[in-house]
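Everything below concerns the one structure shown next.
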Amino acid sequence: MNITDILLFLGSPSAANFLRSMASAVQNIKRWHWVAVLVTIIALTIPVVSLAEEPGPGSDSYSISGVVKDGATGDPLPWSTVYLEEIGLGAHTNHDGSFSLKAPRGEYTLRVSHVGYETQTVQVQLVNHTKVDFPMIQDALTLGSVVVTARSSREHIEEASMSVIRFNSETIKKIPALMGETDLLKSIQLMPGVQTGAEGFSGFSVRGGSTDQNLMLLDGATVYNASHLMGFFSVFNSDAINNISLYKGDIPARFGGRLASLVDVQMKEGNNQQHQGYGGIGTISSRLTLEGPISKGKSSYIISGRRTYADLFLRLSNDSLLNNNTLWFYDLNGKMAFHINPKNKLTISGYNGMDMFAFRNMMEMHWSNRITSVNWHHMASQALHLEVSGFTSRYRFGMKNMMGASGFIWDSDMLDHGLRGDLSYYTGDHTVRVGLQAIHHRFHPGKIRSLDREMLLNMEESKSWEPAGYISAELKVSPAFTLQTGLRLSGIMNVGEATVYHYNDNYTVIDTTYHKKGEVYHSDFGLEPRISAAYILNEHSSLKGSYSRTRQYVQPASNSTSGMPFDIWFPASPNVRTQVSDQVSVGYFRNLFQQRVEGSIELYAKHMDNQIDFKHNADIFFNEMIEGEIRTGIARAWGAELLLRKEVGRVTGWIGYTLSKVERQIDEVNEGRWYRAHYDKPHNLTLVVNAEASKRLSFGATVVYNTGAPITLPTGRWEHAGMIMPSYSERNGYRLPDYHRMDLSATIQLNRRARESRVKSELNISVYNVYNRKNPFTIFFAPDEKDGHTMQAYSLSMFGAVPSVTWNFRF
C-alpha cells in the first residue's frame, strides 16, 4: 500500500460505504462491550503477574532508569526515545521525562534521542539496578528550526497508541496566527479529525463530539472555559507551555470524564541552571516570562504573564459608541519544581486569568479561571514509581445589566477539588499502571440580585462526586506485536442538599423530592474498557487498531456550537442520563523518504448514547427546572483521516485531510429523523508549511478548507396579526458556503549574531486570511427595505484580512 492507493480509496464511493459499515459494527460492539471488558481483564492478567516477580539481589535481570532533560534549562523532555541496541528493547519517557527499562545482566549500548537534540549513546554495564540521567544538547543543525512533535520516527511506527498528536510550544509559535496571538487550541484545529466550531473561536469538535466533550487539563487540573475574548483566544500562553498531547480516541485509562478527546497541557518547570526572560509586544497583547533556578540544579521557577490592550485602542476612537467600552483579558501562569532528592520531586503550579467586557454604561460581563495543582513524584524503586497529585479549579462568571429598573446582577460559580494517586511498574517487556482518583463538583448556576444588591433569586447548588479507579498495561507480546489494555471504573454520586423534580412524559413537573445535606440520592457507575494494538509489518510501516468506551457525567446547558463563557454546567442526575461513547479505530502507519516524513491513515467509527440537545426555544438561563428543557437521543460518527508530517529540516509542516460524517437522532427534534450535527463538515483539508530561508529569515503558511457548517433556514413564511412569521427547514437542512482561507507569516531575526548576543529579538509579521475571503459566520433574514413583505438573506462575516506585527525578545 502506498499514498497513491490511499488517496484513490478516499476518493471512491467505496470509502463512504466502508465507513458506514464500520459505524454499524460499532453499534453492535457497544451492545456487546462486556466482551471487550472480558478481553481486557484477560490481557491485564499477563503483565500483572510480574508484579510479584521483581528481581532481587543475584537476579539475572535488572532495571535501568533515569530522566531525559534539556541540558541548558533542566526542563524534562517527554516522549524521548530510549533504546537498548543489543536486544532491540526501547521505551519513551513520560510527561516528566522519566523512563525505566528492564534487561538481563550484561553490557549494553543505550541510545537516547529527541527531535531537535543530539542523539546520545552510553555504554552500560548492567550488573545491578542502574540510574542514568541524560542532559540533552540542542543539535546545532536544527537549532531554531521548527519541531512539529517531540517523538522519534520509530515511535510513530512502534507505539501501540494511535489517534495521538503531540506538540511543543515552538511548533505553535511558528504558525501564522489571528492578530499575531499564537494559540494552542487553534493549532489543534489544524489537525485531521478536528473541526472548528466557528471562525476565530477556540472551541472545536473531535471525531463527531461536541465542544464540551473535550477534556482540557492544565498540569492535571480541569479547565472548564479555555477561551478569552468570547472565544477568540485560548487561555494557554504558549510561552509557559512545555508540551501538549491531543488524544482523539485512544485515551489512556488513567483519564476520563469526557467522550471525545483529551487535551493534556504540561507547563514548563523553569530553567534550573540560569535566569532568563523572554516575551513579546504584539498588535493586541503583550507578554513577559521570567524563569530561573531557586537553588541551581535542584529547584526552579517560572512566571509568565500576558495582557491585552484592546481597551486602550478603543479609548482613542472618536466614536462615542466605542470609546466608552471596555474589552481586555489577562492571564498569569506560575510553576515551581523542587528536586528534593534523586527519588522525590515536587511541583506546584497555578493559573489565574480574567476577561472583562463592558458596553458603555449599559452592560458588563466578566469571567475568570483560577487553577492550582500540586504533584509529588516518588521513585520507590527503579521499576516502581508513585505519583500523587491534587488540584482545585474554579470558574466564575458575572453579568451586570444597568438598564434602568430592569437592571440586575448575575453571578455564577463552578468549583472542582480533585485528588489522584497513580502507581506505575516498569519492566523490559511491559508497563503496568493502577490508580484511584476523585473529583468533587460544585456547580452554582447563579445568584440574581437587583442593582441595589437585593436578592431576587438564589438558584440551588448542585454537588456531586466523580470517583474512578483504573488499571492499564502495555505488553510487548513479540518484537512485532504490542498490546495496550486498560479498564476504568467510573461513576457519579449526587449529593444533597438538593430538590429533585419529577417529570411526566410531557416534561411537566408532577412531584418534587427534597434530599438533606450530605445525602447521596443518586449514583451511576460503569466500566470503560480501552484496548489498542500495533503490529509492525517492517521497519517502515505498521498496522494499529483500538476500541475504547468513554463516559461523561457533566455537561453545559448551551445552544452555542463553540462554547460561551456564560454556559451553565450541570451533572448527570435522576433525570439526566450519563453520556456514553463507543469508538473503533484502525490505521496504517508508515515512515517515508528515509524516515523524514511520517504518514498515516486512520479510519474510525463512533456511536454515542444519551446525547443532549434542548427543545425549541428552550429556557436555559435562570431556570431551576432546566432538566425539563433537555431532550436526549443518540449520535453516530465515522470518518477517515490522512496525515503526512515532516518533522525536521529547513522545511517542515504537515498536510491533513478528513472525510467524515456526524448525525444525531432525538425523538423530539426534527420529528425524530436523523439530522446533521452542527459540526458535520464532510471535507476538511489543512496545509501547514514552515521554511527556514536563512539563519535570520523564516516563513510560515497555512491553508485551510472545509465544507460549510450545517444551518437551519426558513423555507417559507406565514402572516399573523400583520407580522411575518418564518417556517423552517428540517434541523440543519442547509449549509453555509464552504470555508477557506490562507495565512502567511515572516519572522526576521534582528540580531546579526543571535547566538552570541545576550539579548536576542525577532520581528514576526503575519496576515490572517491574506486574500480577504468573506467567510460567512452566519446567515440571517430580515424584511427587504423596499418591500416589507419580502424577506432578504444577509451574510455576516467575522474577519477579512487581518495583518499583525509582533516583536519577540529574549534575554
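Residue numbering restarts at 1 for every chain of the C-alpha cells, chains are lettered A, B, ... in their displayed order, and ligands are numbered from 1 as they appear.
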
Can you list every residue of region 248-283 of chain A that has an atom at most 12 Å from region 83-106 of chain A, with its nearest atom pair and the distance in Å to one decimal, using only C-alpha atoms, ordered by chain then number, as CSV?
residue,atom,partner,partner_atom,distance
A:Asp264,CA,A:His95,CA,9.8
A:Val265,CA,A:His95,CA,9.8
A:Gln266,CA,A:His95,CA,7.7
A:Met267,CA,A:His95,CA,10.4
A:Lys268,CA,A:Asp96,CA,10.2
A:Glu269,CA,A:Asp96,CA,9.7

Serialized selection, C-alpha atoms, as a compact mmCIF listing (two decimals), in the first residue's frame:
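Written out: out.txt:
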# COMPACT_ATOMS: atom_id res chain seq x y z
CA ASP A 264 -3.23 17.31 28.15
CA VAL A 265 -1.19 20.51 28.61
CA GLN A 266 2.01 20.49 30.67
CA MET A 267 3.62 23.75 31.80
CA LYS A 268 7.36 24.39 31.77
CA GLU A 269 9.16 23.85 35.06

Practice prompt. May I have the residues within 6 Å of region 584-591 of chain A as a PyMOL selection string, using only C-alpha atoms and disregarding those fewer than 2 positions away in the same chain?
Written response: chain A and resi 540-547+595+597-605

Among region 344-574 of chain A, which ones does DSSP assign to strand (DSSP E or B) (computed from the backbone)? Answer as a tab-separated table (two decimals) with C-alpha atoms, in the first residue's frame.
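Contents of part-v9.tsv, freshly written:
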chain	number	residue	atom	x	y	z
A	344	ASN	CA	11.46	12.64	45.17
A	345	LYS	CA	10.23	15.58	43.11
A	346	LEU	CA	7.58	18.16	43.97
A	347	THR	CA	5.93	20.63	41.59
A	348	ILE	CA	3.45	23.40	42.37
A	349	SER	CA	1.70	25.24	39.55
A	350	GLY	CA	-1.01	27.83	39.22
A	351	TYR	CA	-3.03	29.81	36.72
A	352	ASN	CA	-5.11	32.95	37.15
A	353	GLY	CA	-6.91	34.61	34.24
A	354	MET	CA	-9.77	37.05	33.79
A	355	ASP	CA	-11.79	38.70	31.00
A	356	MET	CA	-13.74	41.94	31.18
A	357	PHE	CA	-16.23	43.31	28.65
A	358	ALA	CA	-18.37	46.38	29.24
A	359	PHE	CA	-20.64	48.19	26.77
A	363	MET	CA	-23.95	46.10	30.40
A	364	GLU	CA	-20.87	44.45	31.91
A	365	MET	CA	-19.60	40.85	31.77
A	366	HIS	CA	-16.57	39.25	33.41
A	367	TRP	CA	-15.32	35.68	33.74
A	368	SER	CA	-12.26	34.08	35.30
A	369	ASN	CA	-10.33	30.83	35.81
A	370	ARG	CA	-8.25	30.10	38.89
A	371	ILE	CA	-6.35	26.82	38.99
A	372	THR	CA	-3.85	25.34	41.43
A	373	SER	CA	-2.21	21.92	41.22
A	374	VAL	CA	0.39	20.09	43.32
A	375	ASN	CA	2.23	16.97	42.19
A	376	TRP	CA	4.59	14.68	44.11
A	377	HIS	CA	6.59	12.04	42.23
A	378	HIS	CA	8.30	9.31	44.29
A	379	MET	CA	10.58	6.60	42.94
A	384	LEU	CA	8.14	1.25	40.82
A	385	HIS	CA	7.01	4.89	40.69
A	386	LEU	CA	4.30	6.63	42.73
A	387	GLU	CA	2.63	9.89	41.71
A	388	VAL	CA	0.17	11.77	43.93
A	389	SER	CA	-1.50	14.98	42.81
A	390	GLY	CA	-4.26	17.31	43.86
A	391	PHE	CA	-5.91	20.32	42.26
A	392	THR	CA	-8.56	22.97	42.57
A	393	SER	CA	-10.22	24.58	39.56
A	394	ARG	CA	-12.64	27.48	39.90
A	395	TYR	CA	-14.56	29.18	37.11
A	396	ARG	CA	-16.69	32.25	37.75
A	397	PHE	CA	-18.96	34.30	35.51
A	398	GLY	CA	-20.73	37.55	36.23
A	399	MET	CA	-23.06	39.88	34.34
A	400	LYS	CA	-24.37	43.30	35.29
A	401	ASN	CA	-27.33	44.79	33.41
A	408	PHE	CA	-29.82	43.05	37.62
A	409	ILE	CA	-26.56	41.39	38.72
A	410	TRP	CA	-25.94	37.72	37.89
A	411	ASP	CA	-23.06	35.73	39.43
A	412	SER	CA	-22.40	32.03	38.78
A	413	ASP	CA	-19.66	29.82	40.13
A	414	MET	CA	-18.16	26.35	39.48
A	415	LEU	CA	-15.60	24.75	41.79
A	416	ASP	CA	-13.76	21.43	41.48
A	417	HIS	CA	-11.47	19.75	44.02
A	418	GLY	CA	-9.57	16.72	42.76
A	419	LEU	CA	-7.17	14.13	44.18
A	420	ARG	CA	-5.48	11.24	42.41
A	421	GLY	CA	-2.82	8.63	43.03
A	422	ASP	CA	-1.05	6.61	40.31
A	423	LEU	CA	1.33	3.68	40.70
A	424	SER	CA	3.49	2.65	37.72
A	425	TYR	CA	5.56	-0.51	37.38
A	426	TYR	CA	8.07	-0.74	34.52
A	430	HIS	CA	5.61	-4.23	29.78
A	431	THR	CA	4.35	-1.38	31.93
A	432	VAL	CA	1.53	-1.67	34.47
A	433	ARG	CA	-0.33	1.31	35.93
A	434	VAL	CA	-3.03	1.40	38.61
A	435	GLY	CA	-4.69	4.41	40.14
A	436	LEU	CA	-7.53	5.96	42.11
A	437	GLN	CA	-8.99	9.41	41.69
A	438	ALA	CA	-11.93	11.51	42.82
A	439	ILE	CA	-13.31	14.91	41.86
A	440	HIS	CA	-15.84	16.89	43.88
A	441	HIS	CA	-18.02	19.17	41.72
A	442	ARG	CA	-19.95	22.16	42.98
A	443	PHE	CA	-21.98	23.97	40.34
A	444	HIS	CA	-23.88	27.11	41.31
A	445	PRO	CA	-25.98	28.38	38.35
A	446	GLY	CA	-26.32	31.80	39.86
A	447	LYS	CA	-27.44	34.43	42.26
A	448	ILE	CA	-29.65	37.12	40.77
A	449	ARG	CA	-29.71	40.45	42.60
A	455	MET	CA	-31.55	39.13	46.42
A	456	LEU	CA	-34.05	38.29	43.67
A	457	LEU	CA	-33.18	34.63	43.03
A	458	ASN	CA	-30.62	32.30	44.58
A	462	SER	CA	-25.66	21.00	42.65
A	463	LYS	CA	-22.96	18.91	44.32
A	464	SER	CA	-21.56	15.60	43.21
A	465	TRP	CA	-18.60	13.26	43.47
A	466	GLU	CA	-16.96	11.72	40.40
A	467	PRO	CA	-14.81	8.78	41.63
A	468	ALA	CA	-12.79	6.46	39.39
A	469	GLY	CA	-10.23	3.70	39.50
A	470	TYR	CA	-8.26	2.08	36.71
A	471	ILE	CA	-5.66	-0.48	35.77
A	472	SER	CA	-3.76	-0.48	32.49
A	473	ALA	CA	-0.86	-2.34	30.94
A	474	GLU	CA	1.35	-2.19	27.88
A	475	LEU	CA	2.66	-5.60	26.87
A	476	LYS	CA	5.34	-6.43	24.31
A	477	VAL	CA	3.93	-9.75	23.13
A	478	SER	CA	6.63	-10.22	20.49
A	481	PHE	CA	3.32	-7.06	18.30
A	482	THR	CA	2.49	-4.67	21.14
A	483	LEU	CA	-0.76	-4.72	23.11
A	484	GLN	CA	-2.08	-1.93	25.32
A	485	THR	CA	-5.09	-2.56	27.54
A	486	GLY	CA	-6.91	-0.69	30.24
A	487	LEU	CA	-10.05	-0.93	32.35
A	488	ARG	CA	-11.57	2.07	34.08
A	489	LEU	CA	-14.42	2.05	36.61
A	490	SER	CA	-16.01	5.47	36.98
A	491	GLY	CA	-19.21	6.95	38.32
A	492	ILE	CA	-21.23	9.89	39.56
A	493	MET	CA	-22.69	10.34	43.05
A	494	ASN	CA	-25.17	13.22	43.50
A	495	VAL	CA	-25.10	14.66	46.99
A	498	ALA	CA	-30.99	19.17	46.71
A	499	THR	CA	-34.52	19.30	45.33
A	500	VAL	CA	-35.25	16.74	42.61
A	501	TYR	CA	-38.11	17.42	40.20
A	502	HIS	CA	-40.09	14.52	38.74
A	503	TYR	CA	-41.45	14.87	35.21
A	509	VAL	CA	-43.31	18.64	36.82
A	510	ILE	CA	-45.61	16.28	38.72
A	511	ASP	CA	-43.75	15.96	42.03
A	512	THR	CA	-40.63	17.04	43.95
A	513	THR	CA	-38.36	15.27	46.44
A	514	TYR	CA	-36.12	17.05	48.93
A	515	HIS	CA	-32.78	15.46	49.92
A	520	VAL	CA	-26.29	10.54	48.32
A	521	TYR	CA	-29.57	10.47	46.41
A	522	HIS	CA	-28.39	9.11	43.04
A	523	SER	CA	-25.42	7.19	41.69
A	524	ASP	CA	-24.40	5.67	38.38
A	525	PHE	CA	-21.26	3.61	37.73
A	526	GLY	CA	-19.91	1.91	34.63
A	527	LEU	CA	-16.88	0.18	33.16
A	528	GLU	CA	-14.78	1.74	30.40
A	529	PRO	CA	-12.60	-0.82	28.56
A	530	ARG	CA	-9.74	0.53	26.43
A	531	ILE	CA	-7.79	-1.76	24.05
A	532	SER	CA	-5.22	-0.92	21.37
A	533	ALA	CA	-2.58	-2.89	19.49
A	534	ALA	CA	0.21	-2.34	16.99
A	535	TYR	CA	1.67	-4.90	14.58
A	536	ILE	CA	4.94	-3.95	12.86
A	537	LEU	CA	4.91	-5.03	9.22
A	538	ASN	CA	8.50	-3.99	8.55
A	541	SER	CA	5.27	0.50	8.50
A	542	SER	CA	2.75	-0.93	10.93
A	543	LEU	CA	-0.95	-1.61	11.42
A	544	LYS	CA	-2.83	-0.42	14.52
A	545	GLY	CA	-6.29	-0.82	15.94
A	546	SER	CA	-8.17	0.32	19.04
A	547	TYR	CA	-11.50	0.17	20.83
A	548	SER	CA	-12.50	2.49	23.66
A	549	ARG	CA	-15.56	3.25	25.75
A	550	THR	CA	-15.82	6.62	27.49
A	551	ARG	CA	-18.40	8.09	29.87
A	552	GLN	CA	-19.26	11.73	30.60
A	554	VAL	CA	-21.10	16.68	33.49
A	555	GLN	CA	-22.17	18.91	30.60
A	556	PRO	CA	-23.17	22.52	29.87
A	557	ALA	CA	-26.58	23.96	29.12
A	568	ILE	CA	-24.05	26.67	32.84
A	569	TRP	CA	-22.77	23.19	33.69
A	570	PHE	CA	-24.82	20.51	35.41
A	571	PRO	CA	-24.18	16.85	36.35
A	573	SER	CA	-28.80	13.03	37.79

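Taking CA of Lys695 (chain A) and CA of Asp183 (chain A) as endpoints, the distance between them is 24.8 Å.
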
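Atom pair CA of Arg306 (chain A) / CA of Asn690 (chain A): separated by 25.7 Å.
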
Worksheet item: With distances taken over only C-alpha atoms, which of A:Ala480, A:Val39, A:Met459, A:Asn225 is nearest to Glu158 (chain A)?
Response: A:Ala480

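Across the structure, CA of Pro574 (chain A) and CA of Ile666 (chain A) are spaced 19.3 Å apart.
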
Nearby residues (only C-alpha atoms) at most 8 Å from Asn775 (chain A), same-chain spacing under 6 positions excluded, as a short mmCIF file (atom, residue, chain, number, x, y, z; two decimals) with C-alpha atoms, in the first residue's frame:
data_model
loop_
_atom_site.label_atom_id
_atom_site.label_comp_id
_atom_site.auth_asym_id
_atom_site.auth_seq_id
_atom_site.Cartn_x
_atom_site.Cartn_y
_atom_site.Cartn_z
CA PRO A 737 -20.85 28.25 1.83
CA ASP A 738 -17.57 26.35 2.01
CA TYR A 739 -14.90 27.90 4.21
CA HIS A 740 -11.35 28.60 3.06
CA SER A 797 -18.65 37.59 8.24
CA MET A 798 -16.29 37.93 11.19
CA PHE A 799 -12.91 38.64 9.59
#

Discussion item. When you look at Asp613 (chain A) with a cut-off of 7 Å (counting only C-alpha atoms), what residues show up, excluding the ones that are within fewer than 2 positions of it in the same chain? I need them as a ChimeraX atom specification.
Written reply: /A:611,615,630-632
